[in-house]
>>> print(open('run03.cif').read())   # mmCIF, C-alpha atoms
data_start
loop_
_atom_site.label_atom_id
_atom_site.label_comp_id
_atom_site.auth_asym_id
_atom_site.auth_seq_id
_atom_site.Cartn_x
_atom_site.Cartn_y
_atom_site.Cartn_z
CA MET A 22 -15.34 21.59 -2.27
CA GLU A 23 -13.62 20.13 0.79
CA MET A 24 -15.49 17.71 3.04
CA ASN A 25 -13.14 18.15 5.99
CA ALA A 26 -10.20 20.50 6.36
CA SER A 27 -9.38 19.65 9.97
CA TYR A 28 -7.94 16.15 10.13
CA THR A 29 -5.63 16.21 13.14
CA SER A 30 -4.42 12.60 13.38
CA PHE A 31 -3.70 9.70 11.02
CA VAL A 32 -2.84 6.03 11.59
CA ALA A 33 -1.68 3.78 8.74
CA VAL A 34 -2.15 -0.01 8.97
CA GLY A 35 -0.79 -2.60 6.56
CA ASP A 36 2.24 -4.17 4.91
CA SER A 37 5.17 -3.04 2.72
CA PHE A 38 2.92 -0.95 0.50
CA THR A 39 2.02 1.26 3.46
CA GLU A 40 5.48 1.05 5.05
CA GLY A 41 6.74 2.82 1.94
CA MET A 42 8.94 0.40 0.02
CA SER A 43 10.60 1.28 -2.41
CA ASP A 44 10.49 5.07 -1.86
CA LEU A 45 14.06 5.18 -0.58
CA LEU A 46 15.50 8.10 1.38
CA PRO A 47 19.23 8.99 1.48
CA ASP A 48 19.64 7.43 4.93
CA GLY A 49 18.40 4.06 3.64
CA SER A 50 14.94 4.28 5.22
CA TYR A 51 11.68 4.33 3.29
CA ARG A 52 9.23 7.21 3.02
CA GLY A 53 6.17 6.18 0.99
CA TRP A 54 2.68 7.48 0.35
CA ALA A 55 1.57 7.41 4.00
CA ASP A 56 4.47 9.62 5.12
CA LEU A 57 3.81 11.96 2.20
CA LEU A 58 0.12 12.19 3.08
CA ALA A 59 0.92 12.78 6.75
CA GLY A 60 3.27 15.63 5.84
CA ARG A 61 0.59 17.31 3.75
CA LEU A 62 -2.07 16.90 6.43
CA ALA A 63 0.33 18.18 9.09
CA ALA A 64 0.91 21.35 7.09
CA ARG A 65 -2.80 22.15 7.55
CA SER A 66 -3.19 21.26 11.25
CA PRO A 67 -0.77 22.38 14.00
CA GLY A 68 -0.05 19.53 16.39
CA PHE A 69 -1.00 16.90 13.81
CA ARG A 70 -0.19 13.37 15.00
CA TYR A 71 0.79 10.37 12.90
CA ALA A 72 1.51 6.67 13.42
CA ASN A 73 2.50 4.11 10.81
CA LEU A 74 2.11 0.56 12.10
CA ALA A 75 2.73 -1.14 8.74
CA VAL A 76 5.47 -3.77 8.42
CA ARG A 77 6.67 -5.36 5.21
CA GLY A 78 5.66 -8.93 4.43
CA LYS A 79 2.70 -9.06 6.80
CA LEU A 80 -0.29 -11.25 5.94
CA ILE A 81 -3.81 -10.14 6.83
CA GLY A 82 -3.87 -12.41 9.89
CA GLN A 83 -0.71 -10.79 11.22
CA ILE A 84 -2.10 -7.32 10.51
CA VAL A 85 -5.22 -8.16 12.52
CA ASP A 86 -3.23 -9.70 15.38
CA GLU A 87 -0.47 -7.10 15.61
CA GLN A 88 -1.83 -3.79 14.31
CA VAL A 89 -5.60 -3.48 14.31
CA ASP A 90 -6.29 -3.31 18.05
CA VAL A 91 -3.38 -0.92 18.51
CA ALA A 92 -4.73 1.35 15.78
CA ALA A 93 -8.29 1.19 17.09
CA ALA A 94 -7.12 2.31 20.54
CA MET A 95 -5.56 5.44 19.04
CA ASN A 96 -9.00 6.85 18.00
CA ALA A 97 -7.51 8.79 15.11
CA ASP A 98 -9.36 11.09 12.73
CA VAL A 99 -8.18 9.01 9.75
CA VAL A 100 -7.15 5.34 9.58
CA THR A 101 -6.02 3.65 6.39
CA LEU A 102 -6.15 -0.15 6.11
CA VAL A 103 -4.50 -2.00 3.23
CA GLY A 104 -3.98 -5.73 3.62
CA GLY A 105 -4.63 -9.13 2.13
CA LEU A 106 -2.69 -8.74 -1.09
CA ASN A 107 0.32 -10.65 0.26
CA ASP A 108 -2.05 -13.52 0.97
CA THR A 109 -3.37 -13.56 -2.59
CA LEU A 110 0.19 -13.88 -3.93
CA ARG A 111 0.83 -17.10 -2.03
CA PRO A 112 0.56 -20.36 -4.02
CA LYS A 113 -2.16 -21.53 -1.64
CA CYS A 114 -4.60 -18.96 -0.35
CA ASP A 115 -7.82 -19.47 1.59
CA MET A 116 -9.80 -16.53 0.27
CA GLY A 117 -12.65 -17.21 2.68
CA ARG A 118 -10.27 -16.78 5.60
CA VAL A 119 -8.79 -13.62 4.04
CA ARG A 120 -12.25 -12.11 3.61
CA GLY A 121 -13.19 -12.98 7.18
CA LEU A 122 -10.05 -11.43 8.65
CA LEU A 123 -10.43 -8.28 6.59
CA GLU A 124 -14.01 -7.99 7.80
CA GLU A 125 -12.84 -8.40 11.40
CA ALA A 126 -10.33 -5.59 10.89
CA VAL A 127 -12.92 -3.24 9.39
CA GLU A 128 -15.45 -3.99 12.13
CA LYS A 129 -12.89 -2.99 14.76
CA LEU A 130 -11.44 0.04 13.01
CA ALA A 131 -14.52 1.72 11.50
CA PRO A 132 -16.22 2.68 14.80
CA SER A 133 -12.93 3.67 16.44
CA CYS A 134 -11.91 6.45 14.03
CA GLY A 135 -13.35 9.49 12.33
CA GLN A 136 -12.87 8.08 8.81
CA LEU A 137 -11.68 4.66 7.71
CA VAL A 138 -10.04 4.50 4.27
CA LEU A 139 -9.69 1.23 2.35
CA MET A 140 -7.97 0.65 -0.98
CA ARG A 141 -8.14 -1.41 -4.11
CA SER A 142 -4.38 -1.87 -4.42
CA PRO A 143 -2.52 -1.21 -7.68
CA GLY A 144 -1.06 -4.05 -9.72
CA ARG A 145 1.88 -4.06 -12.12
CA ASN A 146 0.80 -4.97 -15.64
CA GLY A 147 2.32 -8.25 -16.85
CA PRO A 148 1.97 -12.03 -16.73
CA VAL A 149 2.24 -12.28 -12.94
CA MET A 150 -0.64 -9.83 -12.58
CA GLU A 151 -2.79 -11.90 -14.91
CA ARG A 152 -2.14 -15.04 -12.89
CA PHE A 153 -3.35 -13.52 -9.64
CA ARG A 154 -5.97 -11.12 -11.03
CA PRO A 155 -9.01 -13.31 -10.10
CA ARG A 156 -7.97 -13.43 -6.44
CA MET A 157 -7.22 -9.73 -6.37
CA GLU A 158 -10.58 -8.85 -7.85
CA GLU A 159 -12.34 -11.11 -5.36
CA LEU A 160 -10.50 -9.28 -2.58
CA PHE A 161 -11.40 -5.88 -3.98
CA ALA A 162 -15.08 -6.77 -4.39
CA HIS A 163 -15.06 -7.62 -0.68
CA VAL A 164 -13.36 -4.30 0.10
CA ASP A 165 -16.14 -2.47 -1.75
CA ALA A 166 -18.84 -4.38 0.13
CA LEU A 167 -17.22 -3.74 3.51
CA ALA A 168 -16.85 -0.04 2.74
CA ALA A 169 -20.52 0.23 1.82
CA ARG A 170 -21.60 -1.44 5.07
CA HIS A 171 -19.29 0.47 7.39
CA GLY A 172 -19.10 3.94 5.85
CA ALA A 173 -15.48 3.62 4.75
CA LEU A 174 -13.98 5.40 1.77
CA VAL A 175 -12.34 3.37 -1.02
CA VAL A 176 -9.37 4.58 -3.07
CA ASP A 177 -9.45 2.76 -6.41
CA LEU A 178 -5.77 2.44 -7.28
CA TYR A 179 -6.41 -0.82 -9.15
CA GLY A 180 -8.44 1.05 -11.75
CA SER A 181 -5.57 3.42 -12.58
CA GLY A 182 -3.87 2.67 -15.87
CA ALA A 183 -0.93 4.84 -14.88
CA LEU A 184 -0.23 2.88 -11.69
CA GLY A 185 -0.30 -0.35 -13.69
CA ASP A 186 2.46 0.95 -15.97
CA GLN A 187 5.64 -1.07 -15.38
CA ARG A 188 7.66 2.15 -15.13
CA MET A 189 5.80 2.96 -11.88
CA TRP A 190 7.32 -0.11 -10.24
CA ASP A 191 10.73 -0.65 -8.71
CA VAL A 192 13.18 -3.25 -10.01
CA ASP A 193 11.78 -5.80 -7.52
CA ARG A 194 8.45 -5.60 -9.43
CA LEU A 195 6.57 -5.67 -6.13
CA HIS A 196 6.76 -2.09 -4.89
CA LEU A 197 6.00 1.32 -6.35
CA THR A 198 8.65 3.88 -7.23
CA SER A 199 8.78 7.28 -5.56
CA GLU A 200 6.52 8.65 -8.30
CA GLY A 201 4.04 5.86 -7.68
CA HIS A 202 3.93 6.66 -3.97
CA ARG A 203 3.48 10.34 -4.74
CA ARG A 204 0.43 9.50 -6.84
CA VAL A 205 -1.05 7.26 -4.17
CA ALA A 206 -0.70 10.04 -1.59
CA GLU A 207 -2.55 12.39 -3.94
CA ALA A 208 -5.26 9.78 -4.54
CA VAL A 209 -5.91 9.38 -0.81
CA TRP A 210 -5.76 13.15 -0.33
CA GLN A 211 -8.48 13.66 -2.93
CA THR A 212 -10.57 10.79 -1.57
CA LEU A 213 -10.56 12.57 1.80
CA GLY A 214 -12.24 15.46 0.03
CA LEU A 215 -9.25 17.80 -0.12
CA ASP A 216 -8.50 20.01 -3.10
CA ALA A 217 -6.50 18.31 -5.85
CA GLU A 218 -2.90 19.40 -6.30
CA HIS A 219 -2.16 17.28 -9.37
CA ASP A 220 -3.72 14.61 -11.58
CA TRP A 221 -2.65 11.29 -10.08
CA LEU A 222 -4.36 9.45 -12.95
CA ALA A 223 -2.37 11.21 -15.69
CA PRO A 224 -0.82 8.63 -18.06
CA LEU A 225 2.92 8.44 -18.50
CA PRO A 226 4.45 9.58 -21.79
CA PRO A 227 4.90 6.95 -24.50
CA GLU A 228 7.59 4.43 -23.62
CA LEU A 229 10.67 3.77 -25.72
CA ARG A 230 10.67 -0.01 -25.36
CA ALA A 231 14.00 -1.73 -24.71
CA GLY A 232 15.18 -4.43 -27.09
CA TRP A 233 14.65 -8.14 -26.52
CA ALA A 234 18.16 -8.76 -25.20
CA ALA A 235 17.93 -5.93 -22.69
CA ARG A 236 14.55 -7.17 -21.45
CA ARG A 237 15.82 -10.72 -20.98
CA ALA A 238 18.89 -9.46 -19.10
CA ALA A 239 16.59 -7.45 -16.81
CA ASP A 240 14.45 -10.56 -16.25
CA LEU A 241 17.52 -12.57 -15.24
CA ARG A 242 18.70 -9.88 -12.82
CA PHE A 243 15.23 -9.72 -11.30
CA ALA A 244 15.09 -13.51 -10.87
CA ARG A 245 18.52 -13.66 -9.26
CA THR A 246 18.21 -10.62 -6.99
CA HIS A 247 14.54 -10.57 -6.03
CA LEU A 248 12.48 -13.56 -7.17
CA GLY A 249 14.87 -16.24 -5.87
CA PRO A 250 15.11 -14.82 -2.34
CA TRP A 251 11.32 -14.26 -2.26
CA ILE A 252 10.70 -17.91 -3.17
CA GLY A 253 13.26 -19.00 -0.58
CA ARG A 254 11.42 -17.13 2.16
CA ARG A 255 8.12 -18.70 1.12
CA LEU A 256 9.60 -22.21 1.20
CA THR A 257 11.11 -21.74 4.65
CA GLY A 258 8.18 -19.88 6.18
CA ARG A 259 10.16 -16.70 6.70
CA SER A 260 9.14 -13.11 5.99
CA SER A 261 11.06 -9.94 5.22
CA GLY A 262 9.25 -8.36 8.17
CA ASP A 263 10.21 -10.95 10.78
CA GLY A 264 11.41 -9.17 13.92
CA ARG A 265 10.89 -5.73 12.40
CA ALA A 266 9.11 -3.03 14.42
CA PRO A 267 6.80 -0.42 12.86
CA LYS A 268 8.62 2.74 11.89
CA ARG A 269 6.13 4.95 13.81
CA ALA A 270 4.61 2.78 16.52
CA ASP A 271 3.12 5.65 18.55
CA LEU A 272 0.65 8.38 17.61
CA LEU A 273 2.95 11.36 18.06
CA PRO A 274 3.31 14.83 16.52
CA TYR A 275 4.46 14.52 12.93
CA GLU A 276 8.13 15.14 12.19
CA PRO A 277 9.31 15.11 8.57
CA PRO A 278 11.96 12.55 7.61
CA VAL A 279 15.52 13.69 7.04
CA SER A 280 15.96 14.07 3.27
#
>>> encode(input="run03.cif", output="structure tokens")
Amino acid sequence: MEMNASYTSFVAVGDSFTEGMSDLLPDGSYRGWADLLAGRLAARSPGFRYANLAVRGKLIGQIVDEQVDVAAAMNADVVTLVGGLNDTLRPKCDMGRVRGLLEEAVEKLAPSCGQLVLMRSPGRNGPVMERFRPRMEELFAHVDALAARHGALVVDLYGSGALGDQRMWDVDRLHLTSEGHRRVAEAVWQTLGLDAEHDWLAPLPPELRAGWAARRAADLRFARTHLGPWIGRRLTGRSSGDGRAPKRADLLPYEPPVS
């Protein structure tokens, strides 16, 4: 049973997860779950409009300052908001401030759109996940409480064993693969009350685990290529999103990316 088959506009708000990293297209741009969802919604509604305001590296304060008012003014049928996780991954994080900013965002967005969608973000299984799990779960408990108060929907990606599988994550260990983004799009689609097209929770087949030497070599490549630069940006106060504009800043008729 479908709750609503006539969504005609969609605005996505957030950081790299919503921008679409690491779902890479041939031209070097990123697609991601939000673009995939927009394409599917557009196929149902002629004249469907879509904006994606998300920018990689953004903290919840930046999302509130730079994206939330813009999104609220668009009065879309559907708005997705995913933010705060970048804050929880910082060595020092004021969770009270994060909760307050997320609440501010929800209070502005919920009355401005037809349906606000929040998410419990997925996490890659492993030691890093365990280190930050308490903060993440505090954030997600707040997401649940905000959704209950403001009539928002919540997509529980964190509870998916499949999305925690390391094979769903790119070599940077921070962003989902194309398959991961495909599953997130399906999860949001179903949460909006639309008929399921596949089982986004289906587990992956058993993994043939690489040997110790291969795993250590992969760890070293990751540290050199991704972890080192990430730490460098944190130490210097820089972000991968500095100076970067949203890929779809205006709520315009949807056009599929060039594949």
>>> closest_atom_pairs(input="run03.cif", of="region 88-150 of chain A", to="region 194-197 of chain A", cutoff="12 Å", atoms="all atoms listed in the file", output="JSON lines")
{"residue": "A:Leu106", "atom": "CA", "partner": "A:Leu195", "partner_atom": "CA", "distance": 11.0}
{"residue": "A:Asn107", "atom": "CA", "partner": "A:Leu195", "partner_atom": "CA", "distance": 10.2}
{"residue": "A:Leu110", "atom": "CA", "partner": "A:Leu195", "partner_atom": "CA", "distance": 10.6}
{"residue": "A:Ser142", "atom": "CA", "partner": "A:Leu197", "partner_atom": "CA", "distance": 11.0}
{"residue": "A:Pro143", "atom": "CA", "partner": "A:Leu197", "partner_atom": "CA", "distance": 9.0}
{"residue": "A:Gly144", "atom": "CA", "partner": "A:Leu195", "partner_atom": "CA", "distance": 8.6}
{"residue": "A:Arg145", "atom": "CA", "partner": "A:Arg194", "partner_atom": "CA", "distance": 7.3}
{"residue": "A:Asn146", "atom": "CA", "partner": "A:Arg194", "partner_atom": "CA", "distance": 9.9}
{"residue": "A:Gly147", "atom": "CA", "partner": "A:Arg194", "partner_atom": "CA", "distance": 10.0}
{"residue": "A:Pro148", "atom": "CA", "partner": "A:Arg194", "partner_atom": "CA", "distance": 11.7}
{"residue": "A:Val149", "atom": "CA", "partner": "A:Arg194", "partner_atom": "CA", "distance": 9.8}
{"residue": "A:Met150", "atom": "CA", "partner": "A:Arg194", "partner_atom": "CA", "distance": 10.5}
>>> atom_distance(input="run03.cif", atom1="CA of Leu74 (chain A)", atom2="CA of Ala97 (chain A)")
13.0 Å
>>> residues_near_point(input="run03.cif", point="(-13.3, -7.7, -5.4)", cutoff="12 Å", atoms="only C-alpha atoms", output="ChimeraX atom specification")
/A:105-106,109,116,120,140-142,154-168,175,177,179-180
>>> write_last_selection(input="run03.cif", atoms="C-alpha atoms", output="PDB file, in the frame of the given file")
ATOM      1  CA  GLY A 105      -4.630  -9.130   2.130  1.00  0.00           C
ATOM      2  CA  LEU A 106      -2.690  -8.740  -1.090  1.00  0.00           C
ATOM      3  CA  THR A 109      -3.370 -13.560  -2.590  1.00  0.00           C
ATOM      4  CA  MET A 116      -9.800 -16.530   0.270  1.00  0.00           C
ATOM      5  CA  ARG A 120     -12.250 -12.110   3.610  1.00  0.00           C
ATOM      6  CA  MET A 140      -7.970   0.650  -0.980  1.00  0.00           C
ATOM      7  CA  ARG A 141      -8.140  -1.410  -4.110  1.00  0.00           C
ATOM      8  CA  SER A 142      -4.380  -1.870  -4.420  1.00  0.00           C
ATOM      9  CA  ARG A 154      -5.970 -11.120 -11.030  1.00  0.00           C
ATOM     10  CA  PRO A 155      -9.010 -13.310 -10.100  1.00  0.00           C
ATOM     11  CA  ARG A 156      -7.970 -13.430  -6.440  1.00  0.00           C
ATOM     12  CA  MET A 157      -7.220  -9.730  -6.370  1.00  0.00           C
ATOM     13  CA  GLU A 158     -10.580  -8.850  -7.850  1.00  0.00           C
ATOM     14  CA  GLU A 159     -12.340 -11.110  -5.360  1.00  0.00           C
ATOM     15  CA  LEU A 160     -10.500  -9.280  -2.580  1.00  0.00           C
ATOM     16  CA  PHE A 161     -11.400  -5.880  -3.980  1.00  0.00           C
ATOM     17  CA  ALA A 162     -15.080  -6.770  -4.390  1.00  0.00           C
ATOM     18  CA  HIS A 163     -15.060  -7.620  -0.680  1.00  0.00           C
ATOM     19  CA  VAL A 164     -13.360  -4.300   0.100  1.00  0.00           C
ATOM     20  CA  ASP A 165     -16.140  -2.470  -1.750  1.00  0.00           C
ATOM     21  CA  ALA A 166     -18.840  -4.380   0.130  1.00  0.00           C
ATOM     22  CA  LEU A 167     -17.220  -3.740   3.510  1.00  0.00           C
ATOM     23  CA  ALA A 168     -16.850  -0.040   2.740  1.00  0.00           C
ATOM     24  CA  VAL A 175     -12.340   3.370  -1.020  1.00  0.00           C
ATOM     25  CA  ASP A 177      -9.450   2.760  -6.410  1.00  0.00           C
ATOM     26  CA  TYR A 179      -6.410  -0.820  -9.150  1.00  0.00           C
ATOM     27  CA  GLY A 180      -8.440   1.050 -11.750  1.00  0.00           C
TER      28      GLY A 180
END
>>> resolve_selection(input="run03.cif", expression="the PyMOL selection byres ((chain A and resi 208) around 12)", output="PDB file with C-alpha atoms, keeping the file's coordinate frame")
ATOM      1  CA  TRP A  54       2.680   7.480   0.350  1.00  0.00           C
ATOM      2  CA  ALA A  55       1.570   7.410   4.000  1.00  0.00           C
ATOM      3  CA  LEU A  57       3.810  11.960   2.200  1.00  0.00           C
ATOM      4  CA  LEU A  58       0.120  12.190   3.080  1.00  0.00           C
ATOM      5  CA  VAL A 138     -10.040   4.500   4.270  1.00  0.00           C
ATOM      6  CA  LEU A 139      -9.690   1.230   2.350  1.00  0.00           C
ATOM      7  CA  MET A 140      -7.970   0.650  -0.980  1.00  0.00           C
ATOM      8  CA  ARG A 141      -8.140  -1.410  -4.110  1.00  0.00           C
ATOM      9  CA  SER A 142      -4.380  -1.870  -4.420  1.00  0.00           C
ATOM     10  CA  PRO A 143      -2.520  -1.210  -7.680  1.00  0.00           C
ATOM     11  CA  LEU A 174     -13.980   5.400   1.770  1.00  0.00           C
ATOM     12  CA  VAL A 175     -12.340   3.370  -1.020  1.00  0.00           C
ATOM     13  CA  VAL A 176      -9.370   4.580  -3.070  1.00  0.00           C
ATOM     14  CA  ASP A 177      -9.450   2.760  -6.410  1.00  0.00           C
ATOM     15  CA  LEU A 178      -5.770   2.440  -7.280  1.00  0.00           C
ATOM     16  CA  TYR A 179      -6.410  -0.820  -9.150  1.00  0.00           C
ATOM     17  CA  GLY A 180      -8.440   1.050 -11.750  1.00  0.00           C
ATOM     18  CA  SER A 181      -5.570   3.420 -12.580  1.00  0.00           C
ATOM     19  CA  LEU A 184      -0.230   2.880 -11.690  1.00  0.00           C
ATOM     20  CA  GLY A 201       4.040   5.860  -7.680  1.00  0.00           C
ATOM     21  CA  HIS A 202       3.930   6.660  -3.970  1.00  0.00           C
ATOM     22  CA  ARG A 203       3.480  10.340  -4.740  1.00  0.00           C
ATOM     23  CA  ARG A 204       0.430   9.500  -6.840  1.00  0.00           C
ATOM     24  CA  VAL A 205      -1.050   7.260  -4.170  1.00  0.00           C
ATOM     25  CA  ALA A 206      -0.700  10.040  -1.590  1.00  0.00           C
ATOM     26  CA  GLU A 207      -2.550  12.390  -3.940  1.00  0.00           C
ATOM     27  CA  VAL A 209      -5.910   9.380  -0.810  1.00  0.00           C
ATOM     28  CA  TRP A 210      -5.760  13.150  -0.330  1.00  0.00           C
ATOM     29  CA  GLN A 211      -8.480  13.660  -2.930  1.00  0.00           C
ATOM     30  CA  THR A 212     -10.570  10.790  -1.570  1.00  0.00           C
ATOM     31  CA  LEU A 213     -10.560  12.570   1.800  1.00  0.00           C
ATOM     32  CA  GLY A 214     -12.240  15.460   0.030  1.00  0.00           C
ATOM     33  CA  LEU A 215      -9.250  17.800  -0.120  1.00  0.00           C
ATOM     34  CA  ASP A 216      -8.500  20.010  -3.100  1.00  0.00           C
ATOM     35  CA  ALA A 217      -6.500  18.310  -5.850  1.00  0.00           C
ATOM     36  CA  GLU A 218      -2.900  19.400  -6.300  1.00  0.00           C
ATOM     37  CA  HIS A 219      -2.160  17.280  -9.370  1.00  0.00           C
ATOM     38  CA  ASP A 220      -3.720  14.610 -11.580  1.00  0.00           C
ATOM     39  CA  TRP A 221      -2.650  11.290 -10.080  1.00  0.00           C
ATOM     40  CA  LEU A 222      -4.360   9.450 -12.950  1.00  0.00           C
ATOM     41  CA  ALA A 223      -2.370  11.210 -15.690  1.00  0.00           C
TER      42      ALA A 223
END
>>> closest_residue(input="run03.cif", among="A:Arg230, A:Arg52, A:Lys113, A:Lys129", to="Val89 (chain A)", atoms="all atoms listed in the file")
A:Lys129
>>> atom_distance(input="run03.cif", atom1="CA of Pro267 (chain A)", atom2="CA of Asp108 (chain A)")
19.8 Å
>>> resolve_selection(input="run03.cif", expression="the PyMOL selection byres ((chain A and resi 269-276) around 6)", output="short mmCIF file (atom, residue, chain, number, x, y, z; two decimals) with C-alpha atoms, keeping the file's coordinate frame")
data_model
loop_
_atom_site.label_atom_id
_atom_site.label_comp_id
_atom_site.auth_asym_id
_atom_site.auth_seq_id
_atom_site.Cartn_x
_atom_site.Cartn_y
_atom_site.Cartn_z
CA GLY A 68 -0.05 19.53 16.39
CA PHE A 69 -1.00 16.90 13.81
CA ARG A 70 -0.19 13.37 15.00
CA TYR A 71 0.79 10.37 12.90
CA ALA A 72 1.51 6.67 13.42
CA ASN A 73 2.50 4.11 10.81
CA LEU A 74 2.11 0.56 12.10
CA PRO A 267 6.80 -0.42 12.86
CA LYS A 268 8.62 2.74 11.89
CA PRO A 277 9.31 15.11 8.57
#
>>> atom_distance(input="run03.cif", atom1="CA of Glu128 (chain A)", atom2="CA of Phe38 (chain A)")
22.0 Å
>>> resolve_selection(input="run03.cif", expression="the PyMOL selection byres ((chain A and resi 122) around 10)", output="list in words")
Ile81, Gly82, Gln83, Ile84, Val85, Asp86, Gly104, Gly105, Met116, Gly117, Arg118, Val119, Arg120, Gly121, Leu123, Glu124, Glu125, Ala126, Val127 and Glu128 of chain A
>>> closest_residue(input="run03.cif", among="A:Ser199, A:Glu151, A:Val99, A:Pro227", to="Ala173 (chain A)", atoms="all atoms listed in the file")
A:Val99
>>> closest_residue(input="run03.cif", among="A:Arg265, A:Arg170, A:Arg77, A:Arg65", to="Gly41 (chain A)", atoms="all atoms listed in the file")
A:Arg77
>>> closest_residue(input="run03.cif", among="A:Asp56, A:Asp48, A:Glu87, A:Asp98", to="Ser27 (chain A)", atoms="only C-alpha atoms")
A:Asp98
